[in-house]
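So this block is target-v2.cif, mmCIF, C-alpha atoms:
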```cif
data_protein
#
loop_
_atom_site.label_atom_id
_atom_site.label_comp_id
_atom_site.auth_asym_id
_atom_site.auth_seq_id
_atom_site.Cartn_x
_atom_site.Cartn_y
_atom_site.Cartn_z
CA MET A 1 90.21 67.66 1.23
CA LYS A 2 91.92 65.01 -0.87
CA ARG A 3 95.32 64.10 0.55
CA ARG A 4 98.53 62.38 -0.46
CA ILE A 5 98.98 59.64 2.10
CA LEU A 6 102.11 57.55 2.67
CA ALA A 7 101.04 54.30 4.34
CA LEU A 8 103.73 52.59 6.44
CA VAL A 9 102.91 48.89 6.60
CA HIS A 10 104.74 45.82 7.86
CA GLN A 11 106.52 44.35 4.86
CA HIS A 12 104.69 41.03 5.10
CA LEU A 13 101.32 42.78 5.41
CA VAL A 14 101.37 44.85 2.23
CA PRO A 15 98.08 43.98 0.47
CA PRO A 16 98.49 42.63 -3.07
CA GLU A 17 97.43 44.85 -5.95
CA ASP A 18 95.23 42.06 -7.34
CA THR A 19 93.05 40.29 -4.76
CA THR A 20 91.17 38.12 -7.27
CA GLY A 21 90.46 34.69 -5.80
CA ILE A 22 91.66 35.68 -2.31
CA ASP A 23 89.39 35.50 0.73
CA ILE A 24 90.09 38.96 2.12
CA LEU A 25 88.18 38.22 5.34
CA GLU A 26 90.73 35.54 6.20
CA ALA A 27 93.82 37.42 4.98
CA GLU A 28 96.33 38.49 7.63
CA TRP A 29 96.59 41.86 5.86
CA LYS A 30 92.84 42.51 6.05
CA MET A 31 93.19 45.60 8.28
CA GLU A 32 95.75 47.18 5.96
CA TYR A 33 93.51 46.41 2.98
CA ASP A 34 90.40 47.87 4.64
CA VAL A 35 92.15 51.11 5.59
CA ILE A 36 94.06 51.65 2.33
CA GLU A 37 91.21 50.76 -0.04
CA THR A 38 88.67 52.82 1.90
CA LEU A 39 90.92 55.89 1.73
CA ARG A 40 91.46 55.36 -1.99
CA GLU A 41 87.70 55.08 -2.50
CA GLN A 42 87.40 58.45 -0.74
CA GLY A 43 89.61 59.95 -3.44
CA HIS A 44 92.91 60.10 -1.57
CA GLU A 45 96.20 59.19 -3.25
CA VAL A 46 97.73 56.42 -1.12
CA ARG A 47 101.27 55.14 -1.60
CA VAL A 48 102.16 51.99 0.39
CA LEU A 49 105.66 51.42 1.76
CA GLY A 50 106.53 48.06 3.30
CA VAL A 51 108.93 48.29 6.26
CA HIS A 52 110.67 45.60 8.28
CA ASP A 53 114.08 46.45 9.72
CA ASP A 54 115.19 49.41 7.62
CA LEU A 55 113.90 53.00 7.83
CA THR A 56 116.01 54.35 4.97
CA GLY A 57 113.19 54.03 2.44
CA ILE A 58 110.96 56.49 4.29
CA ARG A 59 112.96 59.68 3.77
CA PRO A 60 113.44 59.51 -0.03
CA THR A 61 109.88 58.28 -0.57
CA ALA A 62 108.49 61.12 1.52
CA GLY A 63 110.78 63.59 -0.25
CA PHE A 64 109.55 62.49 -3.67
CA PHE A 65 105.89 61.92 -2.79
CA GLN A 66 105.48 64.90 -0.40
CA PRO A 67 102.66 63.31 1.65
CA HIS A 68 100.26 65.45 3.62
CA ILE A 69 100.36 62.74 6.28
CA VAL A 70 101.93 59.35 7.04
CA LEU A 71 99.43 56.62 7.82
CA ASN A 72 101.27 54.67 10.52
CA LEU A 73 100.15 51.03 10.58
CA MET A 74 103.38 49.74 12.16
CA GLU A 75 103.09 47.81 15.42
CA ALA A 76 106.76 46.81 15.71
CA PHE A 77 110.12 47.27 14.00
CA ALA A 78 112.30 44.32 13.00
CA GLY A 79 109.80 42.14 14.84
CA VAL A 80 110.37 43.93 18.16
CA THR A 81 107.14 45.40 19.53
CA THR A 82 108.85 47.83 21.91
CA PHE A 83 110.58 49.47 18.94
CA ASP A 84 107.33 50.83 17.51
CA GLN A 85 107.84 54.20 19.20
CA ASN A 86 111.19 54.59 17.42
CA VAL A 87 109.46 54.55 14.03
CA VAL A 88 107.20 57.39 15.15
CA SER A 89 110.15 59.29 16.63
CA TYR A 90 111.86 59.06 13.23
CA LEU A 91 108.77 60.52 11.56
CA GLU A 92 108.87 63.40 14.02
CA LEU A 93 112.56 64.05 13.29
CA LEU A 94 111.67 64.23 9.59
CA ARG A 95 108.91 66.72 10.46
CA LEU A 96 106.29 64.41 8.96
CA ARG A 97 102.70 64.42 10.22
CA TYR A 98 101.47 60.96 11.13
CA THR A 99 98.37 59.15 12.34
CA GLY A 100 98.04 57.53 15.74
CA CYS A 101 99.87 57.82 19.01
CA ASN A 102 102.97 59.85 19.86
CA PRO A 103 106.21 58.11 21.01
CA ARG A 104 105.84 58.96 24.70
CA GLY A 105 102.30 57.58 24.82
CA LEU A 106 103.43 54.40 23.06
CA ILE A 107 106.18 53.86 25.64
CA LEU A 108 103.91 54.48 28.64
CA ALA A 109 101.08 52.30 27.35
CA ARG A 110 103.29 49.46 26.08
CA ASP A 111 104.81 48.67 29.49
CA LYS A 112 101.86 47.28 31.46
CA GLY A 113 103.66 47.63 34.78
CA LEU A 114 104.69 51.24 34.21
CA SER A 115 101.23 52.19 32.95
CA LYS A 116 99.55 50.65 36.01
CA LYS A 117 101.86 52.59 38.33
CA LEU A 118 100.87 55.82 36.59
CA LEU A 119 97.18 54.96 36.66
CA ALA A 120 97.30 54.02 40.35
CA TYR A 121 99.01 57.36 41.08
CA HIS A 122 96.04 59.09 39.43
CA ARG A 123 93.62 56.97 41.51
CA ILE A 124 92.37 55.06 38.49
CA PRO A 125 91.43 51.53 39.60
CA VAL A 126 93.79 48.79 38.37
CA PRO A 127 94.24 45.20 39.58
CA ASP A 128 97.03 44.58 42.11
CA PHE A 129 100.09 43.35 40.23
CA THR A 130 103.75 42.47 40.34
CA VAL A 131 106.38 42.12 37.61
CA ALA A 132 108.60 39.05 37.19
CA ARG A 133 111.65 40.28 35.30
CA TYR A 134 113.15 38.05 32.65
CA GLY A 135 114.81 35.00 34.21
CA ARG A 136 113.57 35.78 37.73
CA LYS A 137 110.97 33.96 39.78
CA PRO A 138 107.76 35.79 40.77
CA VAL A 139 107.49 37.22 44.29
CA LEU A 140 103.93 37.99 45.35
CA PRO A 141 103.03 40.91 47.62
CA LYS A 142 101.01 39.80 50.65
CA LYS A 143 97.85 41.51 49.42
CA MET A 144 97.72 39.41 46.22
CA HIS A 145 95.92 36.09 46.25
CA PHE A 146 94.97 33.37 43.79
CA PRO A 147 93.60 33.21 41.14
CA LEU A 148 96.07 35.39 39.24
CA ILE A 149 96.64 35.97 35.54
CA VAL A 150 100.10 35.94 33.92
CA LYS A 151 100.86 37.88 30.73
CA SER A 152 103.75 39.37 28.79
CA LEU A 153 104.75 42.76 30.16
CA PHE A 154 104.89 44.23 26.64
CA PHE A 155 103.01 42.14 24.08
CA GLU A 156 99.48 42.98 22.93
CA ALA A 157 96.79 41.19 20.89
CA SER A 158 96.56 38.47 23.58
CA ALA A 159 99.96 37.07 22.60
CA GLY A 160 100.84 34.21 24.93
CA ILE A 161 97.45 34.23 26.68
CA SER A 162 95.58 30.94 27.04
CA GLN A 163 93.39 29.23 29.61
CA ALA A 164 96.61 28.28 31.42
CA SER A 165 97.36 31.99 31.93
CA VAL A 166 94.99 32.04 34.92
CA VAL A 167 96.83 30.30 37.75
CA GLU A 168 95.45 29.02 41.06
CA ASN A 169 98.57 28.03 42.99
CA ALA A 170 102.29 28.75 43.33
CA GLU A 171 103.34 25.84 41.11
CA GLN A 172 101.12 26.97 38.23
CA LEU A 173 102.34 30.53 38.72
CA ALA A 174 106.03 29.60 38.47
CA ARG A 175 105.38 27.44 35.42
CA ARG A 176 103.44 30.16 33.59
CA VAL A 177 105.98 32.88 34.32
CA GLN A 178 108.70 30.61 32.96
CA PHE A 179 106.58 30.01 29.85
CA ILE A 180 106.30 33.76 29.18
CA HIS A 181 110.03 34.24 29.70
CA GLU A 182 111.02 31.38 27.42
CA SER A 183 108.36 31.52 24.69
CA LEU A 184 108.01 35.29 24.29
CA GLY A 185 111.37 36.43 25.62
CA THR A 186 109.91 39.20 27.78
CA ALA A 187 109.29 39.93 31.44
CA ALA A 188 105.94 38.78 32.81
CA ILE A 189 103.27 40.75 34.63
CA VAL A 190 101.24 38.91 37.26
CA GLU A 191 97.87 40.51 37.98
CA GLN A 192 95.06 39.87 40.40
CA PHE A 193 92.48 38.10 38.22
CA ILE A 194 89.21 40.00 37.95
CA ASP A 195 86.53 37.38 37.37
CA GLY A 196 83.82 39.19 35.46
CA ARG A 197 83.03 40.98 32.22
CA GLU A 198 85.48 41.96 29.46
CA LEU A 199 84.90 45.56 28.28
CA TYR A 200 86.56 47.88 25.77
CA VAL A 201 86.29 51.62 25.22
CA GLY A 202 87.61 53.49 22.19
CA VAL A 203 88.90 57.05 22.58
CA LEU A 204 89.76 59.58 19.87
CA GLY A 205 91.48 62.93 20.22
CA ASN A 206 94.45 65.06 21.15
CA GLU A 207 93.44 67.94 23.41
CA ARG A 208 89.69 67.35 23.11
CA LEU A 209 88.56 63.75 23.48
CA GLU A 210 85.66 61.78 22.04
CA VAL A 211 84.81 58.53 23.80
CA LEU A 212 83.02 55.70 21.97
CA PRO A 213 80.32 53.39 23.39
CA VAL A 214 81.41 50.69 25.85
CA TRP A 215 81.96 47.44 23.97
CA GLU A 216 81.83 43.93 25.44
CA MET A 217 83.19 40.52 24.56
CA SER A 218 80.64 37.82 25.39
CA PHE A 219 81.24 34.08 25.87
CA ALA A 220 77.76 32.62 25.28
CA LYS A 221 78.74 28.94 24.87
CA MET A 222 81.93 28.84 26.91
CA PRO A 223 81.93 25.76 29.22
CA GLU A 224 81.61 26.49 32.93
CA ASN A 225 85.06 25.09 33.63
CA ARG A 226 86.74 27.63 31.31
CA TRP A 227 87.86 31.12 32.22
CA ARG A 228 86.05 33.86 30.30
CA ILE A 229 89.10 35.72 29.05
CA ALA A 230 90.33 37.00 25.69
CA THR A 231 92.90 34.34 24.88
CA GLU A 232 94.88 34.22 21.64
CA ARG A 233 92.44 31.65 20.22
CA VAL A 234 89.43 33.71 21.32
CA LYS A 235 90.74 36.76 19.46
CA TRP A 236 92.07 35.20 16.28
CA SER A 237 90.44 31.79 15.63
CA VAL A 238 87.13 32.19 13.80
CA LYS A 239 86.32 28.49 14.33
CA TYR A 240 86.90 28.79 18.07
CA GLN A 241 84.73 31.92 18.22
CA LYS A 242 81.84 30.16 16.50
CA ARG A 243 82.15 27.02 18.62
CA HIS A 244 82.01 28.93 21.92
CA GLY A 245 79.60 31.69 20.90
CA ILE A 246 82.22 34.42 21.32
CA ASP A 247 81.06 37.78 20.02
CA THR A 248 81.45 41.49 20.67
CA ALA A 249 78.75 44.14 20.80
CA GLU A 250 77.72 47.27 22.64
CA ALA A 251 77.64 46.49 26.37
CA GLN A 252 74.31 46.48 28.19
CA LEU A 253 75.15 47.97 31.58
CA PRO A 254 73.26 49.22 34.67
CA ASP A 255 72.40 52.92 34.83
CA GLY A 256 75.45 55.10 35.26
CA VAL A 257 78.02 52.34 34.82
CA ALA A 258 78.76 53.07 31.14
CA THR A 259 79.28 56.76 31.92
CA LYS A 260 81.65 55.86 34.76
CA ILE A 261 83.68 53.54 32.54
CA GLN A 262 83.87 56.09 29.72
CA HIS A 263 85.09 58.71 32.20
CA LEU A 264 87.79 56.31 33.42
CA ALA A 265 88.80 55.68 29.79
CA LYS A 266 89.29 59.41 29.25
CA ARG A 267 91.31 59.73 32.45
CA THR A 268 93.46 56.78 31.42
CA TYR A 269 94.08 58.34 27.99
CA ARG A 270 95.20 61.59 29.66
CA ALA A 271 97.33 59.92 32.33
CA LEU A 272 99.29 57.94 29.73
CA GLU A 273 99.65 60.99 27.46
CA LEU A 274 98.08 59.24 24.48
CA SER A 275 97.11 60.96 21.25
CA GLY A 276 95.31 60.12 18.02
CA TYR A 277 93.25 57.10 19.01
CA ALA A 278 93.38 54.23 21.50
CA ARG A 279 91.33 51.51 23.14
CA VAL A 280 91.17 51.09 26.90
CA ASP A 281 90.49 47.54 28.15
CA PHE A 282 88.56 46.88 31.36
CA ARG A 283 87.46 43.96 33.51
CA MET A 284 84.36 44.51 35.64
CA ASP A 285 83.63 42.35 38.69
CA ALA A 286 80.28 41.04 39.94
CA ASN A 287 79.70 44.27 41.90
CA ASN A 288 80.07 46.39 38.75
CA ASN A 289 83.49 47.69 39.81
CA PRO A 290 85.58 48.40 36.67
CA TYR A 291 89.36 47.98 36.58
CA VAL A 292 91.64 49.22 33.81
CA ILE A 293 93.64 46.30 32.46
CA GLU A 294 95.62 48.13 29.79
CA ALA A 295 95.51 50.85 27.15
CA ASN A 296 96.13 49.82 23.57
CA ALA A 297 97.51 52.71 21.53
CA ASN A 298 96.86 52.41 17.78
CA PRO A 299 94.39 49.50 18.08
CA GLN A 300 93.16 47.36 15.17
CA LEU A 301 91.39 49.46 12.52
CA ALA A 302 89.83 46.73 10.36
CA GLU A 303 86.27 47.65 9.42
CA ASP A 304 84.74 44.69 11.28
CA GLU A 305 86.88 45.02 14.44
CA ASP A 306 85.69 46.43 17.78
CA PHE A 307 87.04 49.96 17.39
CA ALA A 308 85.39 50.64 14.04
CA GLN A 309 82.18 48.86 15.03
CA SER A 310 81.80 50.90 18.22
CA ALA A 311 82.43 54.06 16.18
CA LYS A 312 79.65 52.99 13.82
CA ILE A 313 77.24 52.71 16.77
CA ALA A 314 78.27 56.29 17.64
CA LYS A 315 77.16 57.34 14.13
CA LEU A 316 80.72 57.52 12.87
CA PRO A 317 80.87 55.31 9.75
CA TYR A 318 84.18 53.76 8.74
CA PRO A 319 85.23 56.32 6.07
CA ARG A 320 84.51 59.20 8.45
CA LEU A 321 86.42 57.44 11.25
CA LEU A 322 89.52 57.20 9.06
CA GLU A 323 89.15 60.84 7.99
CA TRP A 324 88.95 61.89 11.65
CA ILE A 325 92.07 59.89 12.54
CA MET A 326 93.94 61.60 9.72
CA ALA A 327 92.69 65.04 10.80
CA LEU A 328 93.96 64.36 14.33
CA GLY A 329 97.35 63.45 12.89
CA VAL A 330 97.52 66.64 10.86
CA GLN A 331 96.62 68.69 13.96
CA TRP A 332 99.11 66.98 16.29
CA GLN A 333 102.07 69.19 17.26
CA PRO A 334 104.83 67.06 18.83
CA HIS A 335 107.03 70.05 19.68
CA ARG A 336 104.30 71.33 22.03
CA MET A 337 104.20 68.21 24.23
CA GLY A 338 104.52 69.14 27.88
CA LEU A 339 104.10 72.89 27.22
#
```
For the file at hand, write its structure as structure tokens.
Amino acid sequence: MKRRILALVHQHLVPPEDTTGIDILEAEWKMEYDVIETLREQGHEVRVLGVHDDLTGIRPTAGFFQPHIVLNLMEAFAGVTTFDQNVVSYLELLRLRYTGCNPRGLILARDKGLSKKLLAYHRIPVPDFTVARYGRKPVLPKKMHFPLIVKSLFFEASAGISQASVVENAEQLARRVQFIHESLGTAAIVEQFIDGRELYVGVLGNERLEVLPVWEMSFAKMPENRWRIATERVKWSVKYQKRHGIDTAEAQLPDGVATKIQHLAKRTYRALELSGYARVDFRMDANNNPYVIEANANPQLAEDEDFAQSAKIAKLPYPRLLEWIMALGVQWQPHRMGL
């Protein structure tokens, strides 16, 4: 079925109509370009609407265009990441179908402290943690011990994460918490550092779930004195990736471990009331014990990113993946949540 699709995109990430002479692989709007152009190649009519801090353009555009579905590629509103759920709530109030996660799931997954409390309640293994609210010093529970890792309570995409995020004493801890407060303007979450492997699992679905192969980030040339973690440079600097042999691929795991991790990913998806599609991030220690680090609702959908690549391994090529995500959006019934 060919659909009319209204794509909501961050204003500064609207792909240009003419990409002649532009290196698309290096463009910051590559994901938006991949998704929009692939859907157009599939015969869909896609209208792109750039949004920053004003929602008033959505209603008249939707009224005129009458989209079958809204392709939601927004990860923030007015530069505030925790406002992303408000955009989706607005779509629901307008009775518009949309792709990706529902507002409640976005709220639960975005707050790393809240999500870990829910997961722990459901006996899903998570690292011990504490939250240092904005402007307050961290207070460690007795059961936590160094090394620890300090991150923003809300930000994703490794924002604010560097080698200095792993701390080994109280002085480093206080300094890093202050850095998160001052540089990102959010509370900080302090977690027990799991020294081991970095794993990702994609999940698709609403009521019925499909789990993708376990994916792993490898650090082939990382010096021994560096922590093997997904820092901001690791995720976004191509030069840094090449220099340190950083790559992602299907994880090679002992018998039964992949199945266990995939099962935990499904349970995490359910516990956080996610819908559409998401990626669950794990760390696995030397004894093959997996811990859920966070769930990323509406993860990156660029064709060469982890989610799409793991789907490809599962015999779900990129155009079919996007079609499935749209079908899930069409099927989603927000008024039935909790019934």
### Task
I need the residue set behind the PyMOL selection byres ((chain A and resi 6-10) around 9) for this file; please write it as a PyMOL selection string.
chain A and resi 4-5+11-14+32+36+45-52+58+61-62+65-77
Those same residues, written as a PDB file, in the frame of the given file with C-alpha atoms?
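Everything below was put into again.pdb:
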```
ATOM      1  CA  ARG A   4      98.530  62.380  -0.460  1.00  0.00           C
ATOM      2  CA  ILE A   5      98.980  59.640   2.100  1.00  0.00           C
ATOM      3  CA  GLN A  11     106.520  44.350   4.860  1.00  0.00           C
ATOM      4  CA  HIS A  12     104.690  41.030   5.100  1.00  0.00           C
ATOM      5  CA  LEU A  13     101.320  42.780   5.410  1.00  0.00           C
ATOM      6  CA  VAL A  14     101.370  44.850   2.230  1.00  0.00           C
ATOM      7  CA  GLU A  32      95.750  47.180   5.960  1.00  0.00           C
ATOM      8  CA  ILE A  36      94.060  51.650   2.330  1.00  0.00           C
ATOM      9  CA  GLU A  45      96.200  59.190  -3.250  1.00  0.00           C
ATOM     10  CA  VAL A  46      97.730  56.420  -1.120  1.00  0.00           C
ATOM     11  CA  ARG A  47     101.270  55.140  -1.600  1.00  0.00           C
ATOM     12  CA  VAL A  48     102.160  51.990   0.390  1.00  0.00           C
ATOM     13  CA  LEU A  49     105.660  51.420   1.760  1.00  0.00           C
ATOM     14  CA  GLY A  50     106.530  48.060   3.300  1.00  0.00           C
ATOM     15  CA  VAL A  51     108.930  48.290   6.260  1.00  0.00           C
ATOM     16  CA  HIS A  52     110.670  45.600   8.280  1.00  0.00           C
ATOM     17  CA  ILE A  58     110.960  56.490   4.290  1.00  0.00           C
ATOM     18  CA  THR A  61     109.880  58.280  -0.570  1.00  0.00           C
ATOM     19  CA  ALA A  62     108.490  61.120   1.520  1.00  0.00           C
ATOM     20  CA  PHE A  65     105.890  61.920  -2.790  1.00  0.00           C
ATOM     21  CA  GLN A  66     105.480  64.900  -0.400  1.00  0.00           C
ATOM     22  CA  PRO A  67     102.660  63.310   1.650  1.00  0.00           C
ATOM     23  CA  HIS A  68     100.260  65.450   3.620  1.00  0.00           C
ATOM     24  CA  ILE A  69     100.360  62.740   6.280  1.00  0.00           C
ATOM     25  CA  VAL A  70     101.930  59.350   7.040  1.00  0.00           C
ATOM     26  CA  LEU A  71      99.430  56.620   7.820  1.00  0.00           C
ATOM     27  CA  ASN A  72     101.270  54.670  10.520  1.00  0.00           C
ATOM     28  CA  LEU A  73     100.150  51.030  10.580  1.00  0.00           C
ATOM     29  CA  MET A  74     103.380  49.740  12.160  1.00  0.00           C
ATOM     30  CA  GLU A  75     103.090  47.810  15.420  1.00  0.00           C
ATOM     31  CA  ALA A  76     106.760  46.810  15.710  1.00  0.00           C
ATOM     32  CA  PHE A  77     110.120  47.270  14.000  1.00  0.00           C
TER      33      PHE A  77
END
```
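When the PyMOL selection byres ((chain A and resi 323-331) around 6) is run on the displayed coordinates, the residues it returns are Arg97, Tyr98, Thr99, Gly276, Arg320, Leu321, Leu322 and Trp332 of chain A.
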## Note on the structure
CA of Leu153 in chain A sits from CA of Val131 in chain A at a separation of 7.7 Å
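Among A:Asp304, A:Asp18, A:Glu232, A:Glu182, the residue with the shortest atom-to-atom distance to Ile161 in chain A, counting all atoms listed in the file, is A:Glu232.
Closest approach to Pro125 in chain A among A:Lys315, A:Arg279, A:Val238, A:Arg267: A:Arg267, based on all atoms listed in the file.
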### Message
Show me, as a PyMOL selection string, the residues that have an atom within 12 Å of Arg175 in chain A when counting all atoms listed in the file, minus same-chain residues fewer than 6 positions from it.
### Response
chain A and resi 136-138+150+164-169+181-183+188
### Message
Excluding Ile194 in chain A and its own-chain neighbours fewer than 6 positions away, which residues fall within 8 Å of it when counting all atoms listed in the file? Please give them as an NGL selection string.
### Response
:A and (127 or 283-285)
#### Entry: Contacts of Gly105 in chain A within 7 Å, all atoms listed in the file, excl. fewer than 2 positions in-chain, as a ChimeraX atom specification
/A:101-103,107-109,272-274
I need the residue set behind the PyMOL selection byres ((chain A and resi 235) around 10) for this file; please write it as an mmCIF file with C-alpha atoms, keeping the file's coordinate frame.
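New file out11.cif:
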```cif
data_model
loop_
_atom_site.group_PDB
_atom_site.id
_atom_site.type_symbol
_atom_site.label_atom_id
_atom_site.label_comp_id
_atom_site.auth_asym_id
_atom_site.auth_seq_id
_atom_site.Cartn_x
_atom_site.Cartn_y
_atom_site.Cartn_z
ATOM 1 C CA ALA A 157 96.790 41.190 20.890
ATOM 2 C CA SER A 158 96.560 38.470 23.580
ATOM 3 C CA ALA A 159 99.960 37.070 22.600
ATOM 4 C CA MET A 217 83.190 40.520 24.560
ATOM 5 C CA ILE A 229 89.100 35.720 29.050
ATOM 6 C CA ALA A 230 90.330 37.000 25.690
ATOM 7 C CA THR A 231 92.900 34.340 24.880
ATOM 8 C CA GLU A 232 94.880 34.220 21.640
ATOM 9 C CA ARG A 233 92.440 31.650 20.220
ATOM 10 C CA VAL A 234 89.430 33.710 21.320
ATOM 11 C CA TRP A 236 92.070 35.200 16.280
ATOM 12 C CA SER A 237 90.440 31.790 15.630
ATOM 13 C CA VAL A 238 87.130 32.190 13.800
ATOM 14 C CA TYR A 240 86.900 28.790 18.070
ATOM 15 C CA GLN A 241 84.730 31.920 18.220
ATOM 16 C CA ILE A 246 82.220 34.420 21.320
ATOM 17 C CA ASP A 247 81.060 37.780 20.020
#
```
### Query
Mind listing as a PyMOL selection string all residues within 9 Å of (83.3, 40.6, 34.6), counting only C-alpha atoms?
chain A and resi 194-199+228+282-290
### Message
Ranking A:Ala302, A:Ala174, A:Gly63, A:Asp84 by minimum distance to Glu28 in chain A and counting only C-alpha atoms, which one comes first?
### Response
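The shortest atom-to-atom distance to Glu28 in chain A comes from A:Ala302.
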### Task
Compile the contact shell of His122 in chain A as a PyMOL selection string: residues with an atom at most 8 Å away, counting all atoms listed in the file, same-chain residues fewer than 3 positions apart removed.
chain A and resi 118-119+271
### Task
Please indicate the distance in Å from CA of Arg104 in chain A to CA of Lys116 in chain A, rounded to one decimal place.
15.4 Å
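Reported to one decimal place, the separation of CA of Glu41 in chain A from CA of Pro16 in chain A is 16.5 Å.
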Leaving out Pro319 in chain A and any residue of its chain fewer than 6 positions from it, which residues lie within 12 Å of it when counting only C-alpha atoms, given as a PDB file with C-alpha atoms, keeping the file's coordinate frame?
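Output contents, as saved in selection.pdb:
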```
ATOM      1  CA  ASP A  34      90.400  47.870   4.640  1.00  0.00           C
ATOM      2  CA  VAL A  35      92.150  51.110   5.590  1.00  0.00           C
ATOM      3  CA  ILE A  36      94.060  51.650   2.330  1.00  0.00           C
ATOM      4  CA  GLU A  37      91.210  50.760  -0.040  1.00  0.00           C
ATOM      5  CA  THR A  38      88.670  52.820   1.900  1.00  0.00           C
ATOM      6  CA  LEU A  39      90.920  55.890   1.730  1.00  0.00           C
ATOM      7  CA  ARG A  40      91.460  55.360  -1.990  1.00  0.00           C
ATOM      8  CA  GLU A  41      87.700  55.080  -2.500  1.00  0.00           C
ATOM      9  CA  GLN A  42      87.400  58.450  -0.740  1.00  0.00           C
ATOM     10  CA  GLY A  43      89.610  59.950  -3.440  1.00  0.00           C
ATOM     11  CA  HIS A  44      92.910  60.100  -1.570  1.00  0.00           C
ATOM     12  CA  LEU A 301      91.390  49.460  12.520  1.00  0.00           C
ATOM     13  CA  ALA A 302      89.830  46.730  10.360  1.00  0.00           C
ATOM     14  CA  GLU A 303      86.270  47.650   9.420  1.00  0.00           C
ATOM     15  CA  ALA A 308      85.390  50.640  14.040  1.00  0.00           C
ATOM     16  CA  ALA A 311      82.430  54.060  16.180  1.00  0.00           C
ATOM     17  CA  LYS A 312      79.650  52.990  13.820  1.00  0.00           C
ATOM     18  CA  ILE A 325      92.070  59.890  12.540  1.00  0.00           C
ATOM     19  CA  MET A 326      93.940  61.600   9.720  1.00  0.00           C
TER      20      MET A 326
END
```
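Residue nearest Ala187 in chain A, chosen from A:Glu224, A:Asp111, A:Glu305, A:Asp128 and counting only C-alpha atoms: A:Asp111.
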#### Entry: Residue with smallest distance to Pro15 in chain A - pool A:Tyr277, A:Leu204, A:Pro334, A:Lys30, counting all atoms listed in the file
A:Lys30
